[in-house]
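In what follows, a structure is listed as C-alpha cells, so that the remarks can point back to it.
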Number of protein chains: 2
Amino acid sequence: MTRFPFKRLQSDLAVLISNTPAGAQLPSEPKLSKQLGVSRATLREAMRMFEAQGLLRRRQGAGTFVVGQVSVLDSGLEVLESLETMAKRLNIAVSVSSLRIEQVYADEELAEGLKVPKATKLVSISRIIQSEGRPSAYLVDTLPEDFLNPEDLPSDFNGSILDFLIDRGSPLTFSRAAISATGATSSVARALEIQRQDVLLKMTSQLFVADGSVVDYAVGSFIPGYFNFHVIRRVGGEQTTDKPE
Amino acid sequence: MTRFPFKRLQSDLAVLISNTPAGAQLPSEPKLSKQLGVSRATLREAMRMFEAQGLLRRRQGAGTFVVGQVSVLDSGLEVLESLETMAKRLNIAVSVSSLRIEQVYADEELAEGLKVPKATKLVSISRIIQSEGRPSAYLVDTLPEDFLNPEDLPSDFNGSILDFLIDRGSPLTFSRAAISATGATSSVARALEIQRQDVLLKMTSQLFVADGSVVDYAVGSFIPGYFNFHVIRRVGGEQTTDKPE
DNA sequence: TTAGTGTCACTGGTCTGACATCTGAACCTG
DNA sequence: CAGGTTCAGATGTCAGACCAGTGACACTAA
C-alpha cells in the first residue's frame, strides 16, 4: 500500500501520457481513477498539474486530450532540478553524450564561483545534452575534490551531479543562477556543432549547502529554442490588504 | 453567479498570495473554501496549480505557506520591479531615451501573449535604457488600449509602465518571465548601437491582473554585461525517489 | 431530401461530507 | 524539568452525488 497516492499517480500519469499519441483522448475520469486506483478527486488534482504544464487539455463534455508534444523544455526555474529530471517530468527524450570527468585546478573564475583559493584541486564534469538528435546544451559542473570523489560516482552515472547529490543526501539548500547571453566560444561551438559566436543562453549556478559554502559551480550553455526557461515574479512592495480570517 | 468558479478562484488566489508576506501561512483549506465560496475539492485543484508554479508549499498536518525567498536575494528576479526601480535600488544611474508611445494592432505574437484576438487595438510603449552613457537595453511594453489610455500617462512619465500601473493601483498579481537569448534584429541593433546578430539576452514577460487576464506583454532586449539577472532556485520538496512498486 | 430539433449517453466541473494521517503545542507525568 | 501523551486542527484521500457541456443519433417538418 503506497502511502502517498499522489506521487505514484504523477508517475503513472506521466507514463500514460507519454504512451498516448499527441491529440489522442485519455480515458474518462471515472475510468482512469478506477484504473489507477485512486479517487476521482485525487486524479483531478494530478491532472491539474499536467494541465498547468501544458501537457493536457480538458474540455467539458468532450474529454481530456494529450496536447501535441512540444519539443522544447519549458520549465520554471523556481525549483532546482536537473535537466534530466526536468526532461523526464515533461516527457521529453534527452540523452547525454561526451560525458567527461577530469581533475582541474581552480582558475580565477572557478575560485570566485566556488569561494575557494586559486589552484584548489577540483573535479570537473562536462557533458552534452542531446535533444531530438541534436546537441542542445553544454554543461560543466565543477566541485571541490574534497566534496566529491569521482570514484563515488555510480557506474551508471547519468551525468547529473545534482541528482547524485540529492540521492546522496547532501544538505543542499538552494542554488543561485545567474542568467546571461553569450556567443559561443570555439570549444563550445565545436561541442554543440554550431558556429563560433552563435547566440547562446548562459546560466551560471552556484549550489549552496547548509553551512553556506558552495559545492558546485555550474555553467550551462543552451541553444535558444530548445529550452524555454521562465520564472514567476511576484508583485512586490506594499502588502496592502487585510488579513484573511 | 459565475459559471466557472475555477477561473475566478485562480484570480482570487493569486491576489491572496501576492498580498501575503513570503513565508506566511494561508488560512486552512476549510476556511479558505468557505471564504472564497467554493468547495474544498475545487480549492485544492487551484492550489495544485500554484504549487506547480512554486508559489505555494503545503505540508500535511501543518498548513499551506507562501513560498519565501531566501535571504540572500539582491537583484533577483523573484520580485517584479521595473528596471528603473531596480537601478535606483542598486544605486546605478540610468536614463531613458527614445520613449515612444504609439497605437498598434495585435499581430500573432502579441495576440497570443496578451490572450486577445488578433487585430485588437493595442498601445505600444518602447524605450531605450542608457547606462554609463551607452544604450544597454531596449524595452517594448504592449497593453490593450482599453486597459491603458495613453492620455492617462502623466506628463513626467518615466517610461516604466509597471511603475505607473502600480501607482495607479491596478490589481497586479504576478508576472511570468520567459528568458532566452537571441541575435539582434536590425531595428534593435540600430536602437542599441550594436551590430546585427550581436548577442542579446531576451526576456519576455506577461503581467497578470486579478481576473487572470494579461494586461502587459513586455519584450526586453538586454546587452549582456550591463545587467546581471539571477534567480534563487530552492531545492525541491522532499522528493525524489519513486516507490519501487 | 434536408435542415432543424429533441433525446440521451457520456464527458468534465463542482459539491458534500466523511475518514485518514500528520503536525505541533499544550498537557501531563515521573 | 525532561520526556512522553493527548488532542485540536492541518492537509491527504475517498465515495457518491448532481450539474453542465458535447456529440451522435433518431425523429420531425418544410
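Within each chain, counting starts at residue 1; across the C-alpha cells, chains are named A, B, ... in the order shown, with ligands numbered 1 upward in that order.
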Just the residues within 12 Å of D:DA8, please, counting only C-alpha atoms (C1' of nucleotides), with nothing from its chain fewer than 4 positions along; format it as an mmCIF file with N, CA, C and O atoms (P, O5', C5', C4', C3', O3' and C1' of nucleotides), in the first residue's frame.
```
data_model
loop_
_atom_site.group_PDB
_atom_site.id
_atom_site.type_symbol
_atom_site.label_atom_id
_atom_site.label_comp_id
_atom_site.auth_asym_id
_atom_site.auth_seq_id
_atom_site.Cartn_x
_atom_site.Cartn_y
_atom_site.Cartn_z
ATOM 1 N N GLY B 61 -0.576 18.342 7.861
ATOM 2 C CA GLY B 61 -0.579 18.486 9.304
ATOM 3 C C GLY B 61 -0.188 19.870 9.770
ATOM 4 O O GLY B 61 -0.503 20.267 10.888
ATOM 5 P P DT C 23 4.657 14.879 9.807
ATOM 6 O "O5'" DT C 23 4.092 16.122 10.627
ATOM 7 C "C5'" DT C 23 3.381 17.135 9.929
ATOM 8 C "C4'" DT C 23 2.989 18.248 10.881
ATOM 9 C "C3'" DT C 23 4.048 18.613 11.916
ATOM 10 O "O3'" DT C 23 4.292 19.996 11.809
ATOM 11 C "C1'" DT C 23 1.941 18.214 12.969
ATOM 12 P P DG C 24 5.531 20.644 12.547
ATOM 13 O "O5'" DG C 24 4.835 21.260 13.840
ATOM 14 C "C5'" DG C 24 3.706 22.106 13.659
ATOM 15 C "C4'" DG C 24 3.098 22.404 15.002
ATOM 16 C "C3'" DG C 24 4.106 22.737 16.106
ATOM 17 O "O3'" DG C 24 3.573 23.805 16.876
ATOM 18 C "C1'" DG C 24 2.745 20.957 16.798
ATOM 19 P P DA C 25 4.593 24.649 17.774
ATOM 20 O "O5'" DA C 25 3.647 25.051 18.995
ATOM 21 C "C5'" DA C 25 2.258 25.265 18.754
ATOM 22 C "C4'" DA C 25 1.456 24.671 19.879
ATOM 23 C "C3'" DA C 25 2.016 24.954 21.287
ATOM 24 O "O3'" DA C 25 0.955 25.295 22.142
ATOM 25 C "C1'" DA C 25 1.689 22.659 21.027
ATOM 26 P P DA C 26 1.271 26.112 23.497
ATOM 27 O "O5'" DA C 26 0.015 25.777 24.432
ATOM 28 C "C5'" DA C 26 -1.158 25.247 23.851
ATOM 29 C "C4'" DA C 26 -1.604 24.010 24.598
ATOM 30 C "C3'" DA C 26 -1.416 24.093 26.119
ATOM 31 O "O3'" DA C 26 -2.635 23.740 26.765
ATOM 32 C "C1'" DA C 26 -0.462 22.097 25.268
#
```
Rotate and translate chain B onto chain A via least squares on all in-order Cα pairs, then write the result as a short mmCIF file (atom, residue, chain, number, x, y, z; two decimals) with C-alpha atoms, in the first residue's frame.
```
data_model
loop_
_atom_site.label_atom_id
_atom_site.label_comp_id
_atom_site.auth_asym_id
_atom_site.auth_seq_id
_atom_site.Cartn_x
_atom_site.Cartn_y
_atom_site.Cartn_z
CA MET B 1 7.47 7.84 10.93
CA THR B 2 8.36 10.93 9.05
CA ARG B 3 8.05 13.98 11.16
CA PHE B 4 7.21 16.36 8.36
CA PRO B 5 4.75 14.86 5.95
CA PHE B 6 4.93 17.91 3.76
CA LYS B 7 8.44 17.35 2.49
CA ARG B 8 7.82 13.74 1.69
CA LEU B 9 4.55 14.69 0.11
CA GLN B 10 6.28 17.04 -2.27
CA SER B 11 8.51 14.27 -3.51
CA ASP B 12 5.73 11.75 -3.79
CA LEU B 13 3.64 14.21 -5.69
CA ALA B 14 6.53 15.11 -7.98
CA VAL B 15 6.99 11.46 -8.83
CA LEU B 16 3.33 10.95 -9.38
CA ILE B 17 3.09 13.95 -11.65
CA SER B 18 6.13 13.08 -13.68
CA ASN B 19 4.76 9.58 -14.17
CA THR B 20 1.40 10.82 -15.30
CA PRO B 21 0.89 11.56 -18.98
CA ALA B 22 0.26 15.17 -19.82
CA GLY B 23 -3.39 16.00 -19.74
CA ALA B 24 -4.32 13.01 -17.62
CA GLN B 25 -6.36 13.33 -14.51
CA LEU B 26 -4.99 12.74 -11.06
CA PRO B 27 -6.91 10.69 -8.52
CA SER B 28 -9.35 12.72 -6.49
CA GLU B 29 -8.15 14.51 -3.41
CA PRO B 30 -9.76 12.13 -0.93
CA LYS B 31 -8.24 9.13 -2.71
CA LEU B 32 -4.86 10.73 -3.09
CA SER B 33 -4.67 11.86 0.51
CA LYS B 34 -5.44 8.35 1.64
CA GLN B 35 -3.00 6.85 -0.82
CA LEU B 36 -0.21 9.18 0.21
CA GLY B 37 -1.00 8.95 3.86
CA VAL B 38 -1.71 12.59 4.59
CA SER B 39 -4.79 14.61 5.26
CA ARG B 40 -6.61 16.31 2.48
CA ALA B 41 -5.66 19.74 3.83
CA THR B 42 -1.97 18.95 3.71
CA LEU B 43 -2.29 17.45 0.29
CA ARG B 44 -3.99 20.58 -0.98
CA GLU B 45 -1.20 22.79 0.34
CA ALA B 46 1.32 20.72 -1.57
CA MET B 47 -0.80 20.80 -4.68
CA ARG B 48 -0.94 24.58 -4.52
CA MET B 49 2.79 24.67 -4.92
CA PHE B 50 2.73 22.50 -8.00
CA GLU B 51 -0.09 24.56 -9.34
CA ALA B 52 2.03 27.67 -8.82
CA GLN B 53 4.71 26.03 -10.92
CA GLY B 54 2.26 25.40 -13.66
CA LEU B 55 2.45 21.62 -13.43
CA LEU B 56 -1.09 21.13 -12.26
CA ARG B 57 -4.40 22.57 -13.18
CA ARG B 58 -7.45 22.12 -10.99
CA ARG B 59 -11.06 22.57 -11.97
CA GLN B 60 -13.74 22.55 -9.39
CA GLY B 61 -16.23 19.84 -10.00
CA ALA B 62 -14.08 18.17 -12.62
CA GLY B 63 -10.75 17.20 -11.16
CA THR B 64 -7.04 17.86 -11.10
CA PHE B 65 -5.04 17.46 -14.27
CA VAL B 66 -1.43 17.30 -15.22
CA VAL B 67 -0.78 20.22 -17.48
CA GLY B 68 -0.16 19.15 -21.01
CA GLN B 69 1.88 20.82 -23.63
CA VAL B 70 0.33 22.16 -26.73
CA SER B 71 0.79 19.95 -29.71
CA VAL B 72 3.23 22.21 -31.53
CA LEU B 73 6.27 21.77 -29.39
CA ASP B 74 9.33 20.83 -31.33
CA SER B 75 12.50 21.48 -29.46
CA GLY B 76 10.91 23.24 -26.55
CA LEU B 77 12.22 23.27 -23.07
CA GLU B 78 9.17 21.71 -21.52
CA VAL B 79 10.58 18.24 -21.58
CA LEU B 80 13.93 17.66 -20.02
CA GLU B 81 16.39 16.07 -22.38
CA SER B 82 20.07 16.24 -22.94
CA LEU B 83 21.58 18.25 -25.73
CA GLU B 84 22.75 15.00 -27.22
CA THR B 85 19.24 13.59 -27.27
CA MET B 86 17.85 16.82 -28.62
CA ALA B 87 20.40 16.91 -31.40
CA LYS B 88 19.69 13.32 -32.30
CA ARG B 89 15.99 13.98 -32.41
CA LEU B 90 16.48 16.98 -34.64
CA ASN B 91 18.93 15.08 -36.79
CA ILE B 92 21.76 17.44 -36.16
CA ALA B 93 25.31 16.23 -35.92
CA VAL B 94 27.09 17.20 -32.76
CA SER B 95 30.24 15.92 -31.17
CA VAL B 96 31.70 16.18 -27.74
CA SER B 97 35.21 17.26 -26.97
CA SER B 98 37.31 18.18 -23.98
CA LEU B 99 35.34 15.87 -21.73
CA ARG B 100 36.75 16.30 -18.27
CA ILE B 101 35.79 14.68 -15.03
CA GLU B 102 37.26 15.94 -11.82
CA GLN B 103 36.65 16.25 -8.15
CA VAL B 104 35.86 19.64 -6.71
CA TYR B 105 34.57 21.11 -3.50
CA ALA B 106 31.40 23.14 -3.23
CA ASP B 107 31.93 26.87 -3.45
CA GLU B 108 29.15 29.25 -2.59
CA GLU B 109 27.31 28.99 -5.89
CA LEU B 110 27.48 25.21 -6.03
CA ALA B 111 26.47 24.85 -2.39
CA GLU B 112 23.38 26.92 -2.97
CA GLY B 113 22.54 25.28 -6.25
CA LEU B 114 22.86 21.77 -4.91
CA LYS B 115 21.53 22.58 -1.46
CA VAL B 116 24.58 21.11 0.23
CA PRO B 117 27.03 22.58 2.75
CA LYS B 118 29.99 24.45 1.43
CA ALA B 119 33.10 22.39 0.82
CA THR B 120 31.09 19.24 0.18
CA LYS B 121 32.91 16.79 -2.09
CA LEU B 122 31.51 17.03 -5.59
CA VAL B 123 32.13 15.60 -9.01
CA SER B 124 32.33 18.01 -11.90
CA ILE B 125 31.87 16.98 -15.51
CA SER B 126 32.57 19.53 -18.18
CA ARG B 127 32.44 19.20 -21.91
CA ILE B 128 32.33 21.18 -25.10
CA ILE B 129 29.70 20.60 -27.73
CA GLN B 130 30.83 20.95 -31.33
CA SER B 131 28.37 21.67 -34.03
CA GLU B 132 29.27 22.16 -37.64
CA GLY B 133 32.88 21.82 -36.67
CA ARG B 134 32.75 24.73 -34.29
CA PRO B 135 32.45 24.81 -30.52
CA SER B 136 28.94 25.96 -29.77
CA ALA B 137 28.30 25.21 -26.13
CA TYR B 138 30.20 24.68 -22.94
CA LEU B 139 28.50 22.56 -20.32
CA VAL B 140 29.41 21.84 -16.75
CA ASP B 141 27.49 19.39 -14.57
CA THR B 142 28.24 19.14 -10.90
CA LEU B 143 26.91 16.38 -8.67
CA PRO B 144 27.45 15.28 -5.08
CA GLU B 145 30.08 12.59 -4.98
CA ASP B 146 27.87 10.31 -2.95
CA PHE B 147 25.30 10.40 -5.70
CA LEU B 148 27.64 9.82 -8.60
CA ASN B 149 30.80 7.84 -8.35
CA PRO B 150 32.95 8.70 -11.38
CA GLU B 151 33.88 5.05 -11.68
CA ASP B 152 30.27 4.16 -12.34
CA LEU B 153 30.39 5.98 -15.64
CA PRO B 154 30.63 3.65 -18.61
CA SER B 155 33.75 3.60 -20.68
CA ASP B 156 31.83 4.91 -23.65
CA PHE B 157 30.34 7.76 -21.64
CA ASN B 158 29.16 10.33 -24.11
CA GLY B 159 29.23 13.24 -21.75
CA SER B 160 25.58 13.50 -20.93
CA ILE B 161 25.04 13.02 -17.26
CA LEU B 162 21.32 13.29 -17.75
CA ASP B 163 21.19 10.39 -20.17
CA PHE B 164 23.31 8.34 -17.83
CA LEU B 165 21.11 9.05 -14.84
CA ILE B 166 18.00 8.19 -16.81
CA ASP B 167 19.60 4.95 -17.93
CA ARG B 168 20.61 4.14 -14.40
CA GLY B 169 17.04 4.52 -13.33
CA SER B 170 17.54 7.37 -10.91
CA PRO B 171 14.20 8.68 -9.69
CA LEU B 172 14.45 11.99 -11.48
CA THR B 173 11.39 14.17 -11.29
CA PHE B 174 11.94 17.53 -12.91
CA SER B 175 14.45 20.21 -13.59
CA ARG B 176 14.29 23.92 -12.94
CA ALA B 177 16.15 25.87 -15.56
CA ALA B 178 16.96 29.53 -15.12
CA ILE B 179 17.72 31.43 -18.26
CA SER B 180 19.90 34.46 -18.58
CA ALA B 181 22.49 36.09 -20.75
CA THR B 182 26.07 36.78 -19.96
CA GLY B 183 29.39 37.73 -21.40
CA ALA B 184 31.98 35.01 -21.82
CA THR B 185 34.48 34.68 -19.03
CA SER B 186 38.03 34.17 -20.16
CA SER B 187 38.00 30.43 -19.50
CA VAL B 188 34.74 29.90 -21.32
CA ALA B 189 35.87 32.15 -24.14
CA ARG B 190 38.97 30.04 -24.56
CA ALA B 191 36.99 26.81 -24.59
CA LEU B 192 34.54 28.11 -27.14
CA GLU B 193 37.12 29.90 -29.22
CA ILE B 194 35.44 33.23 -28.95
CA GLN B 195 36.37 36.59 -27.51
CA ARG B 196 36.03 37.51 -23.91
CA GLN B 197 32.75 39.27 -23.23
CA ASP B 198 31.17 37.85 -26.32
CA VAL B 199 27.47 37.29 -25.79
CA LEU B 200 26.35 33.92 -24.44
CA LEU B 201 23.05 32.42 -23.51
CA LYS B 202 23.30 30.94 -20.08
CA MET B 203 21.11 28.22 -18.68
CA THR B 204 21.45 27.11 -15.09
CA SER B 205 19.57 23.97 -14.12
CA GLN B 206 18.82 22.15 -10.94
CA LEU B 207 17.83 18.52 -11.36
CA PHE B 208 15.55 17.20 -8.65
CA VAL B 209 15.00 13.61 -7.57
CA ALA B 210 12.10 12.05 -5.77
CA ASP B 211 13.11 12.97 -2.26
CA GLY B 212 13.31 16.62 -3.17
CA SER B 213 17.06 16.91 -3.16
CA VAL B 214 19.12 18.34 -6.00
CA VAL B 215 21.44 15.87 -7.64
CA ASP B 216 22.80 17.86 -10.51
CA TYR B 217 23.62 21.51 -10.88
CA ALA B 218 24.29 22.30 -14.47
CA VAL B 219 25.54 25.44 -16.11
CA GLY B 220 25.41 25.70 -19.85
CA SER B 221 26.87 28.49 -21.96
CA PHE B 222 25.55 28.61 -25.49
CA ILE B 223 26.69 30.61 -28.44
CA PRO B 224 23.58 32.29 -29.82
CA GLY B 225 22.48 31.06 -33.19
CA TYR B 226 23.51 27.45 -32.80
CA PHE B 227 20.71 26.64 -30.47
CA ASN B 228 17.23 27.91 -30.49
CA PHE B 229 15.47 27.28 -27.25
CA HIS B 230 11.87 28.07 -26.92
CA VAL B 231 9.02 27.49 -24.53
CA ILE B 232 5.30 27.35 -24.97
CA ARG B 233 3.54 29.65 -22.55
CA ARG B 234 -0.08 28.91 -22.03
CA VAL B 235 -2.57 31.64 -21.44
CA GLY B 236 -3.31 31.73 -17.75
CA GLY B 237 -6.38 30.33 -16.06
CA GLU B 238 -9.61 32.16 -15.99
CA GLN B 239 -8.08 35.24 -14.41
CA THR B 240 -7.88 38.24 -14.45
CA THR B 241 -10.24 40.73 -13.12
CA ASP B 242 -10.15 41.39 -9.46
CA LYS B 243 -13.38 41.79 -7.74
CA PRO B 244 -14.29 45.46 -7.30
CA GLU B 245 -14.80 45.05 -3.61
#
```
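Interatomic distance, atom C1' of C:DG13 against atom C1' of D:DA24: 22.3 Å.
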Write out as a ChimeraX atom specification all residues of stretch 90-172 of chain B that DSSP puts in strand (DSSP E or B) for this structure's backbone.
-> /B:94-105,121-131,134-144,172
Just N, CA, C and O atoms for this one: save the residues we selected as a CSV table (one decimal), in the first residue's frame.
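Everything below was put into selection12.csv:
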```csv
chain,number,residue,atom,x,y,z
B,94,VAL,N,20.7,55.4,-14.5
B,94,VAL,CA,20.3,55.0,-15.9
B,94,VAL,C,19.4,56.2,-16.4
B,94,VAL,O,18.8,56.9,-15.6
B,95,SER,N,19.3,56.3,-17.7
B,95,SER,CA,18.4,57.3,-18.2
B,95,SER,C,17.6,56.6,-19.4
B,95,SER,O,18.0,55.6,-19.9
B,96,VAL,N,16.5,57.3,-19.7
B,96,VAL,CA,15.6,56.7,-20.7
B,96,VAL,C,15.7,57.6,-21.9
B,96,VAL,O,15.7,58.8,-21.8
B,97,SER,N,15.7,57.0,-23.1
B,97,SER,CA,15.7,57.8,-24.3
B,97,SER,C,14.8,57.1,-25.3
B,97,SER,O,14.4,56.0,-25.1
B,98,SER,N,14.5,57.9,-26.3
B,98,SER,CA,13.7,57.4,-27.4
B,98,SER,C,12.4,56.8,-26.9
B,98,SER,O,11.9,55.8,-27.5
B,99,LEU,N,11.8,57.4,-25.9
B,99,LEU,CA,10.5,57.0,-25.5
B,99,LEU,C,9.4,57.2,-26.6
B,99,LEU,O,9.3,58.3,-27.1
B,100,ARG,N,8.8,56.2,-26.9
B,100,ARG,CA,7.8,56.3,-28.0
B,100,ARG,C,6.5,55.6,-27.6
B,100,ARG,O,6.5,54.4,-27.1
B,101,ILE,N,5.4,56.3,-27.8
B,101,ILE,CA,4.1,55.7,-27.5
B,101,ILE,C,3.3,55.7,-28.8
B,101,ILE,O,3.1,56.7,-29.4
B,102,GLU,N,2.8,54.5,-29.1
B,102,GLU,CA,2.0,54.5,-30.4
B,102,GLU,C,0.9,53.4,-30.3
B,102,GLU,O,0.9,52.6,-29.5
B,103,GLN,N,0.0,53.6,-31.2
B,103,GLN,CA,-1.0,52.6,-31.3
B,103,GLN,C,-0.7,51.5,-32.3
B,103,GLN,O,-0.2,51.8,-33.4
B,104,VAL,N,-1.0,50.3,-32.0
B,104,VAL,CA,-0.7,49.2,-32.9
B,104,VAL,C,-1.8,48.2,-32.9
B,104,VAL,O,-2.8,48.4,-32.0
B,105,TYR,N,-1.8,47.3,-33.7
B,105,TYR,CA,-2.8,46.2,-33.7
B,105,TYR,C,-2.1,44.9,-33.5
B,105,TYR,O,-1.0,44.7,-33.9
B,121,LYS,N,-7.0,46.5,-30.8
B,121,LYS,CA,-6.2,47.7,-30.7
B,121,LYS,C,-5.4,47.7,-29.4
B,121,LYS,O,-5.8,47.4,-28.3
B,122,LEU,N,-4.1,48.0,-29.6
B,122,LEU,CA,-3.2,48.0,-28.5
B,122,LEU,C,-2.4,49.3,-28.4
B,122,LEU,O,-2.3,50.1,-29.4
B,123,VAL,N,-1.8,49.5,-27.3
B,123,VAL,CA,-0.9,50.6,-27.1
B,123,VAL,C,0.5,50.0,-26.9
B,123,VAL,O,0.7,49.1,-26.1
B,124,SER,N,1.5,50.6,-27.6
B,124,SER,CA,2.8,50.1,-27.5
B,124,SER,C,3.7,51.2,-27.0
B,124,SER,O,3.7,52.3,-27.5
B,125,ILE,N,4.5,50.9,-26.0
B,125,ILE,CA,5.4,51.8,-25.4
B,125,ILE,C,6.8,51.3,-25.5
B,125,ILE,O,7.1,50.2,-24.9
B,126,SER,N,7.7,51.9,-26.2
B,126,SER,CA,9.1,51.4,-26.3
B,126,SER,C,10.0,52.5,-25.8
B,126,SER,O,9.7,53.7,-25.8
B,127,ARG,N,11.1,52.0,-25.3
B,127,ARG,CA,12.1,52.9,-24.8
B,127,ARG,C,13.5,52.3,-24.8
B,127,ARG,O,13.6,51.1,-24.8
B,128,ILE,N,14.5,53.1,-24.7
B,128,ILE,CA,15.9,52.6,-24.6
B,128,ILE,C,16.4,53.0,-23.3
B,128,ILE,O,16.3,54.2,-22.9
B,129,ILE,N,17.1,52.1,-22.7
B,129,ILE,CA,17.7,52.4,-21.4
B,129,ILE,C,19.2,52.7,-21.6
B,129,ILE,O,19.9,51.9,-22.3
B,130,GLN,N,19.7,53.8,-21.1
B,130,GLN,CA,21.1,54.1,-21.2
B,130,GLN,C,21.7,53.9,-19.9
B,130,GLN,O,21.2,54.3,-18.9
B,131,SER,N,22.9,53.3,-19.9
B,131,SER,CA,23.6,53.1,-18.7
B,131,SER,C,25.1,53.4,-19.0
B,131,SER,O,25.6,52.9,-20.0
B,134,ARG,N,25.8,54.6,-22.5
B,134,ARG,CA,25.6,53.7,-23.7
B,134,ARG,C,24.2,53.0,-23.6
B,134,ARG,O,23.8,52.7,-22.5
B,135,PRO,N,23.6,52.9,-24.8
B,135,PRO,CA,22.4,52.1,-24.7
B,135,PRO,C,22.6,50.7,-24.3
B,135,PRO,O,23.6,50.1,-24.7
B,136,SER,N,21.8,50.2,-23.3
B,136,SER,CA,22.1,48.9,-22.8
B,136,SER,C,20.9,48.0,-22.9
B,136,SER,O,21.0,46.8,-22.7
B,137,ALA,N,19.7,48.5,-23.1
B,137,ALA,CA,18.5,47.7,-23.2
B,137,ALA,C,17.4,48.4,-24.0
B,137,ALA,O,17.3,49.6,-24.0
B,138,TYR,N,16.7,47.6,-24.7
B,138,TYR,CA,15.6,48.1,-25.5
B,138,TYR,C,14.3,47.4,-25.0
B,138,TYR,O,14.3,46.1,-25.0
B,139,LEU,N,13.4,48.2,-24.6
B,139,LEU,CA,12.2,47.6,-23.9
B,139,LEU,C,10.9,48.0,-24.7
B,139,LEU,O,10.7,49.2,-25.0
B,140,VAL,N,10.1,47.1,-24.9
B,140,VAL,CA,8.8,47.3,-25.5
B,140,VAL,C,7.7,46.7,-24.7
B,140,VAL,O,7.6,45.5,-24.4
B,141,ASP,N,6.8,47.6,-24.2
B,141,ASP,CA,5.6,47.1,-23.5
B,141,ASP,C,4.4,47.3,-24.4
B,141,ASP,O,4.3,48.3,-25.1
B,142,THR,N,3.5,46.3,-24.4
B,142,THR,CA,2.3,46.4,-25.2
B,142,THR,C,1.1,46.1,-24.3
B,142,THR,O,1.1,45.0,-23.6
B,143,LEU,N,0.1,46.9,-24.3
B,143,LEU,CA,-1.1,46.8,-23.5
B,143,LEU,C,-2.3,46.9,-24.3
B,143,LEU,O,-2.3,47.7,-25.3
B,144,PRO,N,-3.4,46.3,-23.9
B,144,PRO,CA,-4.7,46.6,-24.6
B,144,PRO,C,-5.1,48.0,-24.4
B,144,PRO,O,-4.9,48.6,-23.3
B,172,LEU,N,-2.5,44.2,-9.9
B,172,LEU,CA,-1.5,43.3,-10.5
B,172,LEU,C,-1.2,42.1,-9.5
B,172,LEU,O,-1.3,42.2,-8.3
```
Up to 6 Å from chain A, what residues of chain D turn up? Count only C-alpha atoms (C1' of nucleotides) and give them as number ranges by chain.
-> D: 14, 21-22
Residue subset to file, keeping N, CA, C and O atoms (P, O5', C5', C4', C3', O3' and C1' of nucleotides), as a CSV table (one decimal), in the first residue's frame:
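What landed in out.csv:
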```
chain,number,residue,atom,x,y,z
D,14,DC,P,-7.3,7.8,-2.8
D,14,DC,O5',-8.8,7.7,-2.4
D,14,DC,C5',-9.1,7.1,-1.2
D,14,DC,C4',-10.6,7.3,-0.8
D,14,DC,C3',-11.6,7.1,-2.0
D,14,DC,O3',-12.1,5.8,-1.9
D,14,DC,C1',-12.1,9.0,-0.6
D,21,DG,P,-23.3,24.9,-19.6
D,21,DG,O5',-22.5,24.2,-20.7
D,21,DG,C5',-21.0,24.1,-20.7
D,21,DG,C4',-20.5,23.0,-21.4
D,21,DG,C3',-20.9,23.0,-22.9
D,21,DG,O3',-19.7,22.7,-23.7
D,21,DG,C1',-21.5,20.9,-22.0
D,22,DT,P,-19.7,22.8,-25.3
D,22,DT,O5',-19.8,21.3,-25.7
D,22,DT,C5',-19.1,20.3,-25.0
D,22,DT,C4',-19.0,19.0,-25.8
D,22,DT,C3',-19.3,19.1,-27.3
D,22,DT,O3',-18.3,18.3,-27.9
D,22,DT,C1',-20.8,17.6,-26.2
```
Using the chain letters and numbers from this document, which residues of stretch 27-244 of chain B does DSSP assign to alpha helix (DSSP H), as a count of residues only?
-> 50
At a cut-off of 12 Å, list the chain C residues touching chain A, using only C-alpha atoms (C1' of nucleotides), as a list in words.
-> DA9, DC10, DT11, DG12, DG13, DT14, DC15, DA20, DT21 and DC22 of chain C
Point-to-point distance in Å for atom C1' of C:DG17 and atom C1' of D:DT13 | 12.8 Å
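Distances here use only C-alpha atoms (C1' of nucleotides); by that measure, the residue among C:DC19, C:DC27, C:DT1, C:DG6 closest to D:DT28 is C:DG6.
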Measure the distance from atom C1' of C:DC28 to atom C1' of D:DG9 in Å and round it to one decimal.
-> 20.3 Å
